[in-house]
Amino acid sequence: MIPRTDFPIDTETGRIVEIVAFGARVRLETGGDSAETARRLHELRACHERFLASRVVPKSGLCVDLGAGDGWFAVPFAAAFPDWQTIAFEADPDAFARLQANVERHGLDNVTCINAALHPDLKPVPGAARAPGTTDLPKALQEALARPVTAAFTPVLALAPRIVPATGTAPQGETVYRPALPVDILARLAPDLLKLDAPYCEEAIARALRDVPVGFVTGRLYTHVPSTLFHPGTDAGAREFYLPCGDYALRRDYEDNFATRQQRLDVVVAMYNAGEYICECVDSVLADGNADIRVIVVDDGSTDGCGDLVAKRYADNERVRLVHKANGGCASARNFGRQCSDASHIAFIDADDRVDPGLFTALLETARYTGAFVAQAEFAFLTLDEDTGEEVLTPSYEATSYPHPGDTCVGPHDFTWIPGAAIAVGQPTIWRRVHRRDFLDRKDIWFPEHVRAFDDQIFQLLVAQYCGSLAHLKGHAYHYRQHPAQDIKQGDERHFYSFNMFRNLLLRALDENWPDIAPLMRSLLNTLGWSHGGLRDDLKMPFLEGAAKFLAVVSKTFDHSFAPRDLDATGIEGLSFLVARHLAAMKDEPANYGFLRLESWRWQPEFIRMMQAVRS
């Protein structure tokens, strides 16, 4: 194939646009619509070219261009990849004429133009499919491509001259009739690369290709399509795709995800003696039937038989996996569940809680379309009314916290972006979130296994530090059960773990030179005030002494002054006075990073427990 270099211009049929794409310089005759030209150029530059430039494209293969228009994608792609065969579909007669002219003008004998669209309502045509690894089409398939039928379409008024089936849901004009082929013809072609521009037909196309080994998909979505449809079935191999839709894009472009990770969400449930609640918890996650969401129940050495209960109830459910480990605490159970997972996204929930049906589907969908490191839902407190015996849901304090104009959405899922600092100073709520695994791995975010309570706080603060902004969804809630057996209700020595956790965080801030530690300092004061308020009376004085020493060391290490009004706002009587005394005793000491590496028995729950035992 030798591309021609002469480009005759027919001023009556359109105008010539010269572009360079995929490394090939081409000149296209277009319809002369400046808005359409600008849209096509933007999609070519921002979507198709950028996507393929970041991928290793095989030397040869079969490309299908759906909605080829004047040849904006097909012509430069075929010129740049002469060993590829390209089949360009276009139903509009005027655009098809220009497509053919552009292909002929460049002498591209590796492009086949088909004057047809794909229509989801047409009956499948039987026949053989293309053999993988070849570009030759069986005779029966060639004959089927040559026999389009007339089908009803309605023009998309805002996107003329693009067309959709008469059953579409776009703003529509009068019905027109265009040549069409059944959608299943695409599965028989089994393209190695699909370029998609088929308004409001995308879902039917995605379903047809669900189990077809298509390696690359690029294009544009005019309406939200459930992300699970573009992720290939288990036997369809790997698939890379980038499909802009509104302000966001459905993508498979996570640079750090392992190739062996499955494109789904695993929800890790740390379970210890939770037989009363575990089935309700798991059932709520499975409720909407999303096959891309699975549950890993980690039995952390339970003694109440809840492990046997889960094994029996979900024995035949492929979406539930039960794993066992020796008792090591919630943190070790969560880490173990994560290590057992091969999913691209992960969530952690408590075995005594539950979720709204569809919560994790909405979070996963938002994470996939936006690429967000973290997506979170709302949460509500679940309590039992002692008088009526009924369960009551109370919205959290966040209900009116975040501004939400209501115009940011992924399909039906309404959300807003909030900064990581917003969650750093709030209640630890790691269980209503979906995290990208590559984000957690790259930032080395794990649960501290030496901590036997409140381990979720350090996890949340690290996520807040590194995630930038996270997607906050409205309309879906996690149900946080309130009952007497909760760790936070015990008021015992475990609250002293806060010193240990914040010391680890502050040391990491020093090692990595965090530019802004103000949210961390605010969270520290909030936590000290909350813990002191829930402690047993005999532990309040040791906690006050430990807190004063800790704040003085932090102040000296970071050359940070805690305002007396902020210390008083914790509600810990005498804290401001004791911090000032410690700092006065240290006034001749220069700021030193080594201070924070020193130890105090007042910061260790084990020593506190021992001292209280001796005193009693």
# chains A, B, ... in the order shown; residues from 1 in each chain; ligands from 1

$ select_by_dssp --residues "segment 162-249 of chain A" --states "strand (DSSP E or B)" --output "list of chain:residue names"
A:Ile163, A:Val164, A:Pro165, A:Gln172, A:Val176, A:Tyr177, A:Arg178, A:Pro179, A:Ala180, A:Leu181, A:Pro182, A:Leu193, A:Leu194, A:Lys195, A:Leu196, A:Phe216, A:Val217, A:Thr218, A:Gly219, A:Glu240, A:Phe241, A:Tyr242, A:Leu243, A:Pro244, A:Cys245, A:Tyr248, A:Ala249

$ residues_around --residues "segment 279-293 of chain A" --least-positions-apart "4" --cutoff "8 Å" --atoms "only C-alpha atoms" --output "PDB file with N, CA, C and O atoms, in the first residue's frame"
ATOM      1  N   THR A 228     -19.802  -2.666  34.689  1.00  0.00           N
ATOM      2  CA  THR A 228     -19.540  -4.101  34.642  1.00  0.00           C
ATOM      3  C   THR A 228     -19.681  -4.658  33.229  1.00  0.00           C
ATOM      4  O   THR A 228     -19.078  -5.678  32.906  1.00  0.00           O
ATOM      5  N   GLN A 263     -10.898  -7.031  37.963  1.00  0.00           N
ATOM      6  CA  GLN A 263     -11.574  -5.737  37.999  1.00  0.00           C
ATOM      7  C   GLN A 263     -12.910  -5.865  38.733  1.00  0.00           C
ATOM      8  O   GLN A 263     -13.981  -5.948  38.136  1.00  0.00           O
ATOM      9  N   ARG A 264     -12.798  -5.881  40.049  1.00  0.00           N
ATOM     10  CA  ARG A 264     -14.001  -5.989  40.882  1.00  0.00           C
ATOM     11  C   ARG A 264     -13.692  -5.392  42.250  1.00  0.00           C
ATOM     12  O   ARG A 264     -12.586  -4.906  42.512  1.00  0.00           O
ATOM     13  N   LEU A 265     -14.668  -5.465  43.130  1.00  0.00           N
ATOM     14  CA  LEU A 265     -14.538  -4.978  44.504  1.00  0.00           C
ATOM     15  C   LEU A 265     -14.666  -6.145  45.466  1.00  0.00           C
ATOM     16  O   LEU A 265     -15.618  -6.918  45.380  1.00  0.00           O
ATOM     17  N   ASP A 266     -13.710  -6.284  46.372  1.00  0.00           N
ATOM     18  CA  ASP A 266     -13.813  -7.231  47.478  1.00  0.00           C
ATOM     19  C   ASP A 266     -14.098  -6.455  48.760  1.00  0.00           C
ATOM     20  O   ASP A 266     -13.395  -5.485  49.084  1.00  0.00           O
ATOM     21  N   VAL A 267     -15.133  -6.876  49.479  1.00  0.00           N
ATOM     22  CA  VAL A 267     -15.503  -6.263  50.751  1.00  0.00           C
ATOM     23  C   VAL A 267     -15.035  -7.189  51.866  1.00  0.00           C
ATOM     24  O   VAL A 267     -15.533  -8.308  52.003  1.00  0.00           O
ATOM     25  N   GLY A 275     -21.887 -13.792  65.603  1.00  0.00           N
ATOM     26  CA  GLY A 275     -22.943 -14.652  65.084  1.00  0.00           C
ATOM     27  C   GLY A 275     -24.307 -14.002  65.040  1.00  0.00           C
ATOM     28  O   GLY A 275     -25.139 -14.338  64.191  1.00  0.00           O
ATOM     29  N   VAL A 310     -21.426 -19.051  58.844  1.00  0.00           N
ATOM     30  CA  VAL A 310     -21.137 -18.475  57.528  1.00  0.00           C
ATOM     31  C   VAL A 310     -20.858 -19.575  56.518  1.00  0.00           C
ATOM     32  O   VAL A 310     -21.338 -19.538  55.382  1.00  0.00           O
ATOM     33  N   ARG A 319     -19.899 -15.772  45.545  1.00  0.00           N
ATOM     34  CA  ARG A 319     -19.513 -14.388  45.860  1.00  0.00           C
ATOM     35  C   ARG A 319     -19.066 -14.215  47.308  1.00  0.00           C
ATOM     36  O   ARG A 319     -18.682 -13.104  47.702  1.00  0.00           O
ATOM     37  N   ALA A 351     -18.454  -6.523  61.148  1.00  0.00           N
ATOM     38  CA  ALA A 351     -19.387  -7.650  61.049  1.00  0.00           C
ATOM     39  C   ALA A 351     -20.731  -7.378  61.719  1.00  0.00           C
ATOM     40  O   ALA A 351     -21.701  -8.098  61.450  1.00  0.00           O
ATOM     41  N   ASP A 352     -20.807  -6.362  62.566  1.00  0.00           N
ATOM     42  CA  ASP A 352     -22.079  -6.084  63.245  1.00  0.00           C
ATOM     43  C   ASP A 352     -22.844  -4.938  62.591  1.00  0.00           C
ATOM     44  O   ASP A 352     -23.857  -4.474  63.117  1.00  0.00           O
ATOM     45  N   ASP A 353     -22.382  -4.495  61.407  1.00  0.00           N
ATOM     46  CA  ASP A 353     -23.051  -3.408  60.705  1.00  0.00           C
ATOM     47  C   ASP A 353     -23.726  -3.926  59.432  1.00  0.00           C
ATOM     48  O   ASP A 353     -23.639  -5.104  59.103  1.00  0.00           O
ATOM     49  N   ARG A 354     -24.367  -3.046  58.705  1.00  0.00           N
ATOM     50  CA  ARG A 354     -24.998  -3.401  57.440  1.00  0.00           C
ATOM     51  C   ARG A 354     -24.975  -2.173  56.533  1.00  0.00           C
ATOM     52  O   ARG A 354     -24.600  -1.066  56.972  1.00  0.00           O
ATOM     53  N   VAL A 355     -25.398  -2.355  55.273  1.00  0.00           N
ATOM     54  CA  VAL A 355     -25.382  -1.243  54.316  1.00  0.00           C
ATOM     55  C   VAL A 355     -26.703  -1.178  53.559  1.00  0.00           C
ATOM     56  O   VAL A 355     -27.438  -2.169  53.475  1.00  0.00           O
ATOM     57  N   ASP A 356     -26.981  -0.012  53.002  1.00  0.00           N
ATOM     58  CA  ASP A 356     -28.107   0.103  52.075  1.00  0.00           C
ATOM     59  C   ASP A 356     -27.849  -0.792  50.868  1.00  0.00           C
ATOM     60  O   ASP A 356     -26.715  -0.844  50.362  1.00  0.00           O
ATOM     61  N   PRO A 357     -28.874  -1.484  50.372  1.00  0.00           N
ATOM     62  CA  PRO A 357     -28.683  -2.240  49.128  1.00  0.00           C
ATOM     63  C   PRO A 357     -28.226  -1.294  48.010  1.00  0.00           C
ATOM     64  O   PRO A 357     -28.787  -0.223  47.835  1.00  0.00           O
ATOM     65  N   GLY A 358     -27.193  -1.686  47.298  1.00  0.00           N
ATOM     66  CA  GLY A 358     -26.695  -0.847  46.218  1.00  0.00           C
ATOM     67  C   GLY A 358     -25.611   0.125  46.618  1.00  0.00           C
ATOM     68  O   GLY A 358     -25.052   0.817  45.757  1.00  0.00           O
ATOM     69  N   LEU A 359     -25.274   0.217  47.912  1.00  0.00           N
ATOM     70  CA  LEU A 359     -24.258   1.171  48.342  1.00  0.00           C
ATOM     71  C   LEU A 359     -22.923   0.899  47.667  1.00  0.00           C
ATOM     72  O   LEU A 359     -22.295   1.799  47.098  1.00  0.00           O
ATOM     73  N   PHE A 360     -22.454  -0.344  47.711  1.00  0.00           N
ATOM     74  CA  PHE A 360     -21.131  -0.626  47.155  1.00  0.00           C
ATOM     75  C   PHE A 360     -21.132  -0.614  45.630  1.00  0.00           C
ATOM     76  O   PHE A 360     -20.117  -0.306  45.004  1.00  0.00           O
ATOM     77  N   THR A 361     -22.272  -0.917  45.014  1.00  0.00           N
ATOM     78  CA  THR A 361     -22.359  -0.782  43.560  1.00  0.00           C
ATOM     79  C   THR A 361     -22.194   0.681  43.167  1.00  0.00           C
ATOM     80  O   THR A 361     -21.474   1.005  42.211  1.00  0.00           O
TER      81      THR A 361
END

$ closest_residue --among "A:Phe415, A:Arg368, A:Asp537, A:Arg481" --to "Leu384 of chain A" --atoms "only C-alpha atoms"
A:Arg481

$ residues_around --residues "Ser341 of chain A" --least-positions-apart "3" --cutoff "9 Å" --atoms "only C-alpha atoms" --output "ChimeraX atom specification"
/A:261,266,268,296,336-338,344,346

$ select_by_dssp --residues "segment 85-172 of chain A" --states "alpha helix (DSSP H)" --output "ChimeraX atom specification"
/A:93-105,139-145

$ write_last_selection --atoms "C-alpha atoms" --output "PDB file, in the first residue's frame"
ATOM      1  CA  PRO A  93     -25.340   8.649   3.464  1.00  0.00           C
ATOM      2  CA  ASP A  94     -23.565  12.023   3.167  1.00  0.00           C
ATOM      3  CA  ALA A  95     -20.951  11.185   5.811  1.00  0.00           C
ATOM      4  CA  PHE A  96     -20.461   7.748   4.243  1.00  0.00           C
ATOM      5  CA  ALA A  97     -19.751   9.303   0.832  1.00  0.00           C
ATOM      6  CA  ARG A  98     -17.066  11.532   2.371  1.00  0.00           C
ATOM      7  CA  LEU A  99     -15.655   8.551   4.296  1.00  0.00           C
ATOM      8  CA  GLN A 100     -15.241   6.565   1.090  1.00  0.00           C
ATOM      9  CA  ALA A 101     -13.718   9.538  -0.703  1.00  0.00           C
ATOM     10  CA  ASN A 102     -11.201  10.102   2.097  1.00  0.00           C
ATOM     11  CA  VAL A 103     -10.191   6.446   2.142  1.00  0.00           C
ATOM     12  CA  GLU A 104      -9.749   6.403  -1.648  1.00  0.00           C
ATOM     13  CA  ARG A 105      -7.883   9.712  -1.625  1.00  0.00           C
ATOM     14  CA  LYS A 139     -17.135 -15.868   3.691  1.00  0.00           C
ATOM     15  CA  ALA A 140     -20.444 -16.064   5.569  1.00  0.00           C
ATOM     16  CA  LEU A 141     -19.431 -13.114   7.740  1.00  0.00           C
ATOM     17  CA  GLN A 142     -18.416 -11.090   4.702  1.00  0.00           C
ATOM     18  CA  GLU A 143     -21.767 -11.825   3.112  1.00  0.00           C
ATOM     19  CA  ALA A 144     -23.613 -10.768   6.287  1.00  0.00           C
ATOM     20  CA  LEU A 145     -21.728  -7.444   6.323  1.00  0.00           C
TER      21      LEU A 145
END
